[in-house]
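Novice: data.txt is the file, holding compact mmCIF, N, CA and C atoms:
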```txt
# COMPACT_ATOMS: atom_id res chain seq x y z
N MET L 1 19.81 4.45 5.89
CA MET L 1 20.51 3.41 6.58
C MET L 1 20.89 3.89 7.97
N PHE L 2 20.69 3.01 8.92
CA PHE L 2 21.04 3.34 10.29
C PHE L 2 21.92 2.23 10.84
N PRO L 3 23.11 2.56 11.33
CA PRO L 3 23.96 1.51 11.91
C PRO L 3 23.38 1.04 13.23
N ALA L 4 23.52 -0.24 13.51
CA ALA L 4 23.06 -0.82 14.77
C ALA L 4 24.18 -1.66 15.34
N ILE L 5 24.26 -1.66 16.65
CA ILE L 5 25.28 -2.47 17.31
C ILE L 5 24.63 -3.80 17.70
N VAL L 6 25.24 -4.90 17.31
CA VAL L 6 24.71 -6.23 17.58
C VAL L 6 25.78 -7.04 18.28
N LEU L 7 25.38 -7.73 19.33
CA LEU L 7 26.31 -8.57 20.08
C LEU L 7 26.30 -9.97 19.49
N LEU L 8 27.45 -10.43 18.97
CA LEU L 8 27.56 -11.75 18.36
C LEU L 8 28.65 -12.54 19.06
N GLY L 9 28.27 -13.60 19.79
CA GLY L 9 29.25 -14.46 20.44
C GLY L 9 30.21 -13.70 21.34
N GLY L 10 29.72 -12.73 22.10
CA GLY L 10 30.58 -11.99 22.99
C GLY L 10 31.33 -10.85 22.32
N ARG L 11 31.22 -10.74 21.00
CA ARG L 11 31.89 -9.65 20.27
C ARG L 11 30.84 -8.68 19.74
N ILE L 12 31.22 -7.44 19.67
CA ILE L 12 30.31 -6.44 19.14
C ILE L 12 30.57 -6.30 17.65
N ALA L 13 29.50 -6.37 16.88
CA ALA L 13 29.60 -6.22 15.43
C ALA L 13 28.64 -5.11 14.99
N GLU L 14 29.04 -4.34 14.02
CA GLU L 14 28.17 -3.29 13.51
C GLU L 14 27.41 -3.84 12.32
N ARG L 15 26.13 -3.58 12.30
CA ARG L 15 25.29 -4.07 11.21
C ARG L 15 24.50 -2.89 10.65
N VAL L 16 24.34 -2.85 9.36
CA VAL L 16 23.58 -1.79 8.73
C VAL L 16 22.18 -2.32 8.46
N LEU L 17 21.20 -1.62 9.01
CA LEU L 17 19.80 -1.98 8.78
C LEU L 17 19.28 -1.18 7.60
N MET L 18 18.76 -1.87 6.62
CA MET L 18 18.18 -1.18 5.47
C MET L 18 16.72 -0.89 5.80
N GLN L 19 16.34 0.34 5.63
CA GLN L 19 14.98 0.75 5.92
C GLN L 19 14.35 1.22 4.62
N GLU L 20 13.17 0.70 4.34
CA GLU L 20 12.47 1.05 3.11
C GLU L 20 12.03 2.51 3.17
N ARG L 21 12.16 3.20 2.06
CA ARG L 21 11.80 4.61 1.96
C ARG L 21 10.31 4.76 1.69
N TRP L 22 9.67 5.73 2.33
CA TRP L 22 8.27 6.04 2.07
C TRP L 22 8.15 6.74 0.72
N LEU L 23 7.15 6.35 -0.06
CA LEU L 23 6.94 6.92 -1.39
C LEU L 23 5.72 7.83 -1.39
N SER L 24 5.76 8.86 -2.22
CA SER L 24 4.63 9.78 -2.39
C SER L 24 3.64 9.20 -3.39
N VAL L 25 2.52 9.88 -3.56
CA VAL L 25 1.52 9.45 -4.55
C VAL L 25 2.14 9.40 -5.94
N ASP L 26 2.88 10.44 -6.31
CA ASP L 26 3.50 10.46 -7.65
C ASP L 26 4.50 9.33 -7.82
N GLU L 27 5.28 9.07 -6.77
CA GLU L 27 6.30 8.01 -6.87
C GLU L 27 5.66 6.62 -6.97
N ILE L 28 4.62 6.36 -6.19
CA ILE L 28 3.98 5.04 -6.25
C ILE L 28 3.23 4.88 -7.58
N ALA L 29 2.68 5.99 -8.10
CA ALA L 29 2.01 5.94 -9.41
C ALA L 29 3.03 5.59 -10.49
N THR L 30 4.20 6.18 -10.43
CA THR L 30 5.26 5.87 -11.39
C THR L 30 5.71 4.42 -11.23
N HIS L 31 5.86 3.97 -9.99
CA HIS L 31 6.26 2.58 -9.71
C HIS L 31 5.28 1.59 -10.35
N LEU L 32 3.98 1.93 -10.30
CA LEU L 32 2.94 1.03 -10.83
C LEU L 32 2.58 1.32 -12.28
N GLY L 33 3.05 2.45 -12.82
CA GLY L 33 2.74 2.81 -14.20
C GLY L 33 1.31 3.26 -14.40
N VAL L 34 0.76 3.97 -13.40
CA VAL L 34 -0.61 4.48 -13.50
C VAL L 34 -0.62 5.97 -13.20
N ASN L 35 -1.75 6.61 -13.44
CA ASN L 35 -1.94 8.03 -13.18
C ASN L 35 -2.12 8.25 -11.67
N PRO L 36 -1.60 9.34 -11.12
CA PRO L 36 -1.79 9.61 -9.68
C PRO L 36 -3.26 9.63 -9.25
N ASP L 37 -4.16 10.08 -10.13
CA ASP L 37 -5.60 10.07 -9.79
C ASP L 37 -6.09 8.64 -9.53
N THR L 38 -5.52 7.68 -10.23
CA THR L 38 -5.87 6.27 -10.02
C THR L 38 -5.49 5.83 -8.61
N ILE L 39 -4.38 6.31 -8.12
CA ILE L 39 -3.94 5.96 -6.77
C ILE L 39 -4.97 6.42 -5.75
N TYR L 40 -5.44 7.65 -5.86
CA TYR L 40 -6.46 8.16 -4.93
C TYR L 40 -7.74 7.32 -5.01
N ASN L 41 -8.13 6.93 -6.22
CA ASN L 41 -9.31 6.08 -6.37
C ASN L 41 -9.09 4.72 -5.71
N TRP L 42 -7.92 4.14 -5.89
CA TRP L 42 -7.64 2.83 -5.30
C TRP L 42 -7.62 2.89 -3.77
N ILE L 43 -7.16 4.00 -3.20
CA ILE L 43 -7.17 4.13 -1.74
C ILE L 43 -8.60 4.03 -1.23
N THR L 44 -9.51 4.72 -1.90
CA THR L 44 -10.91 4.75 -1.48
C THR L 44 -11.69 3.50 -1.88
N ARG L 45 -11.59 3.11 -3.13
CA ARG L 45 -12.44 2.04 -3.67
C ARG L 45 -11.88 0.64 -3.48
N LYS L 46 -10.57 0.51 -3.41
CA LYS L 46 -9.98 -0.82 -3.37
C LYS L 46 -9.14 -1.07 -2.13
N ARG L 47 -9.19 -0.14 -1.18
CA ARG L 47 -8.45 -0.26 0.07
C ARG L 47 -6.95 -0.50 -0.14
N MET L 48 -6.38 0.28 -1.01
CA MET L 48 -4.94 0.21 -1.25
C MET L 48 -4.21 0.55 0.04
N PRO L 49 -3.18 -0.20 0.40
CA PRO L 49 -2.45 0.12 1.63
C PRO L 49 -1.74 1.46 1.52
N ALA L 50 -2.16 2.39 2.36
CA ALA L 50 -1.62 3.75 2.34
C ALA L 50 -1.64 4.29 3.76
N HIS L 51 -0.76 5.22 4.03
CA HIS L 51 -0.64 5.82 5.35
C HIS L 51 -0.73 7.33 5.19
N LYS L 52 -1.65 7.95 5.91
CA LYS L 52 -1.83 9.40 5.80
C LYS L 52 -1.01 10.09 6.88
N LEU L 53 -0.15 10.98 6.44
CA LEU L 53 0.69 11.79 7.33
C LEU L 53 0.29 13.24 7.13
N GLY L 54 -0.55 13.75 8.02
CA GLY L 54 -1.08 15.09 7.82
C GLY L 54 -1.99 15.09 6.60
N ARG L 55 -1.65 15.90 5.61
CA ARG L 55 -2.43 15.95 4.36
C ARG L 55 -1.87 15.03 3.29
N LEU L 56 -0.73 14.41 3.53
CA LEU L 56 -0.04 13.62 2.51
C LEU L 56 -0.29 12.13 2.68
N TRP L 57 -0.41 11.44 1.57
CA TRP L 57 -0.47 9.97 1.57
C TRP L 57 0.93 9.45 1.30
N LYS L 58 1.33 8.43 2.05
CA LYS L 58 2.64 7.80 1.88
C LYS L 58 2.45 6.30 1.73
N PHE L 59 3.37 5.66 1.02
CA PHE L 59 3.26 4.25 0.68
C PHE L 59 4.59 3.54 0.86
N LEU L 60 4.53 2.27 1.20
CA LEU L 60 5.70 1.39 1.15
C LEU L 60 5.50 0.50 -0.07
N ALA L 61 6.46 0.54 -0.98
CA ALA L 61 6.33 -0.24 -2.22
C ALA L 61 6.12 -1.72 -1.91
N SER L 62 6.75 -2.24 -0.86
CA SER L 62 6.59 -3.66 -0.53
C SER L 62 5.15 -3.98 -0.14
N GLU L 63 4.47 -3.09 0.58
CA GLU L 63 3.06 -3.31 0.95
C GLU L 63 2.16 -3.27 -0.28
N VAL L 64 2.41 -2.30 -1.15
CA VAL L 64 1.60 -2.16 -2.36
C VAL L 64 1.81 -3.35 -3.29
N ASP L 65 3.06 -3.77 -3.46
CA ASP L 65 3.35 -4.93 -4.30
C ASP L 65 2.67 -6.18 -3.76
N GLN L 66 2.69 -6.36 -2.44
CA GLN L 66 2.03 -7.52 -1.83
C GLN L 66 0.52 -7.44 -2.02
N TRP L 67 -0.05 -6.26 -1.92
CA TRP L 67 -1.49 -6.04 -2.14
C TRP L 67 -1.87 -6.44 -3.56
N ILE L 68 -1.05 -6.07 -4.52
CA ILE L 68 -1.32 -6.42 -5.92
C ILE L 68 -1.18 -7.92 -6.13
N LYS L 69 -0.07 -8.50 -5.66
CA LYS L 69 0.17 -9.94 -5.84
C LYS L 69 -0.90 -10.78 -5.15
N GLY L 70 -1.48 -10.26 -4.07
CA GLY L 70 -2.53 -10.98 -3.35
C GLY L 70 -3.88 -10.92 -4.05
N GLY L 71 -3.98 -10.18 -5.15
CA GLY L 71 -5.22 -10.10 -5.91
C GLY L 71 -6.21 -9.09 -5.38
N LEU L 72 -5.84 -8.36 -4.35
CA LEU L 72 -6.77 -7.40 -3.76
C LEU L 72 -6.99 -6.18 -4.64
N ALA L 73 -6.05 -5.88 -5.51
CA ALA L 73 -6.19 -4.73 -6.39
C ALA L 73 -7.30 -4.95 -7.42
N ALA L 74 -7.64 -6.21 -7.67
CA ALA L 74 -8.66 -6.53 -8.67
C ALA L 74 -10.07 -6.46 -8.09
N GLN L 75 -10.18 -6.32 -6.76
CA GLN L 75 -11.49 -6.30 -6.10
C GLN L 75 -11.84 -4.89 -5.67
N ASP L 76 -13.14 -4.58 -5.73
CA ASP L 76 -13.62 -3.34 -5.13
C ASP L 76 -13.72 -3.57 -3.64
N ALA L 77 -13.66 -2.51 -2.86
CA ALA L 77 -13.71 -2.62 -1.40
C ALA L 77 -14.97 -3.34 -0.94
N GLY L 78 -16.05 -3.21 -1.67
CA GLY L 78 -17.31 -3.83 -1.27
C GLY L 78 -17.54 -5.21 -1.85
N THR L 79 -16.56 -5.80 -2.54
CA THR L 79 -16.78 -7.11 -3.16
C THR L 79 -15.92 -8.21 -2.57
N GLY L 80 -15.13 -7.89 -1.58
CA GLY L 80 -14.25 -8.88 -0.98
C GLY L 80 -15.01 -9.83 -0.07
N PRO L 81 -14.31 -10.80 0.52
CA PRO L 81 -14.94 -11.73 1.43
C PRO L 81 -15.58 -11.00 2.61
N GLY L 82 -16.79 -11.38 2.96
CA GLY L 82 -17.48 -10.77 4.09
C GLY L 82 -18.22 -9.49 3.75
N ALA L 83 -18.12 -9.05 2.52
CA ALA L 83 -18.82 -7.83 2.12
C ALA L 83 -20.27 -8.16 1.80
N THR L 84 -21.13 -7.21 2.06
CA THR L 84 -22.53 -7.42 1.74
C THR L 84 -22.80 -6.89 0.34
N ALA L 85 -23.60 -7.63 -0.39
CA ALA L 85 -23.92 -7.22 -1.75
C ALA L 85 -24.90 -6.05 -1.72
N LYS L 86 -24.67 -5.08 -2.57
CA LYS L 86 -25.57 -3.95 -2.67
C LYS L 86 -26.67 -4.29 -3.64
N LYS L 87 -27.91 -3.97 -3.23
CA LYS L 87 -29.04 -4.22 -4.12
C LYS L 87 -29.26 -2.98 -4.96
N ARG L 88 -29.46 -3.20 -6.25
CA ARG L 88 -29.71 -2.08 -7.15
C ARG L 88 -31.20 -1.83 -7.24
N LYS L 89 -31.52 -0.58 -7.40
CA LYS L 89 -32.94 -0.22 -7.60
C LYS L 89 -33.30 -0.58 -9.05
N PRO L 90 -34.49 -1.11 -9.24
CA PRO L 90 -34.90 -1.42 -10.62
C PRO L 90 -35.01 -0.13 -11.43
N THR L 91 -34.58 -0.22 -12.67
CA THR L 91 -34.63 0.96 -13.54
C THR L 91 -35.92 0.94 -14.34
N ALA L 92 -36.50 2.10 -14.47
CA ALA L 92 -37.75 2.21 -15.25
C ALA L 92 -37.38 2.34 -16.72
N LYS L 93 -38.13 1.64 -17.54
CA LYS L 93 -37.88 1.70 -19.00
C LYS L 93 -39.01 2.37 -19.71
```
For this file, write the structure as structure tokens.
Specialist:
Amino acid sequence: MFPAIVLLGGRIAERVLMQERWLSVDEIATHLGVNPDTIYNWITRKRMPAHKLGRLWKFLASEVDQWIKGGLAAQDAGTGPGATAKKRKPTAK
């Protein structure tokens, strides 16, 4: 929490701004009830909203929750709108 000074009707009022805390891979995995390895897969395969800080991945729970509610978690990165379909090579039998 960081206090901020706000001018209201000629009077100064102090307001507390709530700032969302960045979560680690383990914390976001716990939040979602999945294994941390799943989080790394989702970052790559499903474009999970994540922010890389040096070697660490960080998450905002609100962004991840919105990503899930928007149905994007159910799609692979290559299957969303505007993605090109991959052609499979025929298998020899």
Novice: Give me the residues within 8 Å of range 25-28 of chain L as a list of chain:residue names, counting only C-alpha atoms and dropping any in the same chain fewer than 4 places off.
Specialist: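 Residues meeting the cut-off are L:Leu32, L:Pro36, L:Ile39, L:Trp57, L:Lys58, L:Phe59, L:Ala61.
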Novice: Please write the residues from the selection above to a file, keeping N, CA and C atoms, as an mmCIF file, in the coordinates of the input.
Specialist:
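The resulting out_12.cif:
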```cif
data_model
loop_
_atom_site.group_PDB
_atom_site.id
_atom_site.type_symbol
_atom_site.label_atom_id
_atom_site.label_comp_id
_atom_site.auth_asym_id
_atom_site.auth_seq_id
_atom_site.Cartn_x
_atom_site.Cartn_y
_atom_site.Cartn_z
ATOM 1 N N LEU L 32 3.980 1.930 -10.300
ATOM 2 C CA LEU L 32 2.940 1.030 -10.830
ATOM 3 C C LEU L 32 2.580 1.320 -12.280
ATOM 4 N N PRO L 36 -1.600 9.340 -11.120
ATOM 5 C CA PRO L 36 -1.790 9.610 -9.680
ATOM 6 C C PRO L 36 -3.260 9.630 -9.250
ATOM 7 N N ILE L 39 -4.380 6.310 -8.120
ATOM 8 C CA ILE L 39 -3.940 5.960 -6.770
ATOM 9 C C ILE L 39 -4.970 6.420 -5.750
ATOM 10 N N TRP L 57 -0.410 11.440 1.570
ATOM 11 C CA TRP L 57 -0.470 9.970 1.570
ATOM 12 C C TRP L 57 0.930 9.450 1.300
ATOM 13 N N LYS L 58 1.330 8.430 2.050
ATOM 14 C CA LYS L 58 2.640 7.800 1.880
ATOM 15 C C LYS L 58 2.450 6.300 1.730
ATOM 16 N N PHE L 59 3.370 5.660 1.020
ATOM 17 C CA PHE L 59 3.260 4.250 0.680
ATOM 18 C C PHE L 59 4.590 3.540 0.860
ATOM 19 N N ALA L 61 6.460 0.540 -0.980
ATOM 20 C CA ALA L 61 6.330 -0.240 -2.220
ATOM 21 C C ALA L 61 6.120 -1.720 -1.910
#
```
Novice: Mind pulling up the distance from CA of Arg55 in chain L to CA of Gly70 in chain L?
Specialist: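 Going from CA of Gly70 in chain L over to CA of Arg55 in chain L covers 28.0 Å.
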Novice: To one decimal place in Å, what is the distance between CA of Thr38 in chain L and CA of Gly54 in chain L?
Specialist: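 Atom-to-atom, CA of Thr38 in chain L to CA of Gly54 in chain L, that is 20.5 Å.
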Novice: Provide the atom N of Ser24 in chain L to atom C of Lys69 in chain L distance in Å, to one decimal place.
Specialist: 20.9 Å
Novice: May I have the centre and edge lengths, in Å to one decimal, of an axis-aligned box around the listed atoms of range 56-64 of chain L with 5 Å added to every side, as AutoDock Vina command-line options?
Specialist:
```
--center_x 3.0 --center_y 5.2 --center_z 0.1 --size_x 17.5 --size_y 28.4 --size_z 16.8
```
Novice: Restricting the calculation to only C-alpha atoms: of L:His31, L:Arg21, L:Lys52, L:Arg47, which residue gets closest to Ala74 in chain L?
Specialist: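 Closest candidate: L:Arg47.
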Novice: I need the residue nearest Ser62 in chain L from this list: L:Ala29, L:Asn41, L:Asn35, L:Pro49. Use only C-alpha atoms for the distance.
Specialist: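 Looking only at the distances to Ser62 in chain L, the closest residue turns out to be L:Pro49.
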Novice: Would you mind telling me which residue in L:Arg45, L:His51, L:Leu56, L:Val64 lies nearest to Asp76 in chain L when using only N, CA and C atoms?
Specialist: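 Checking each candidate against Asp76 in chain L, we get L:Arg45 as the closest.
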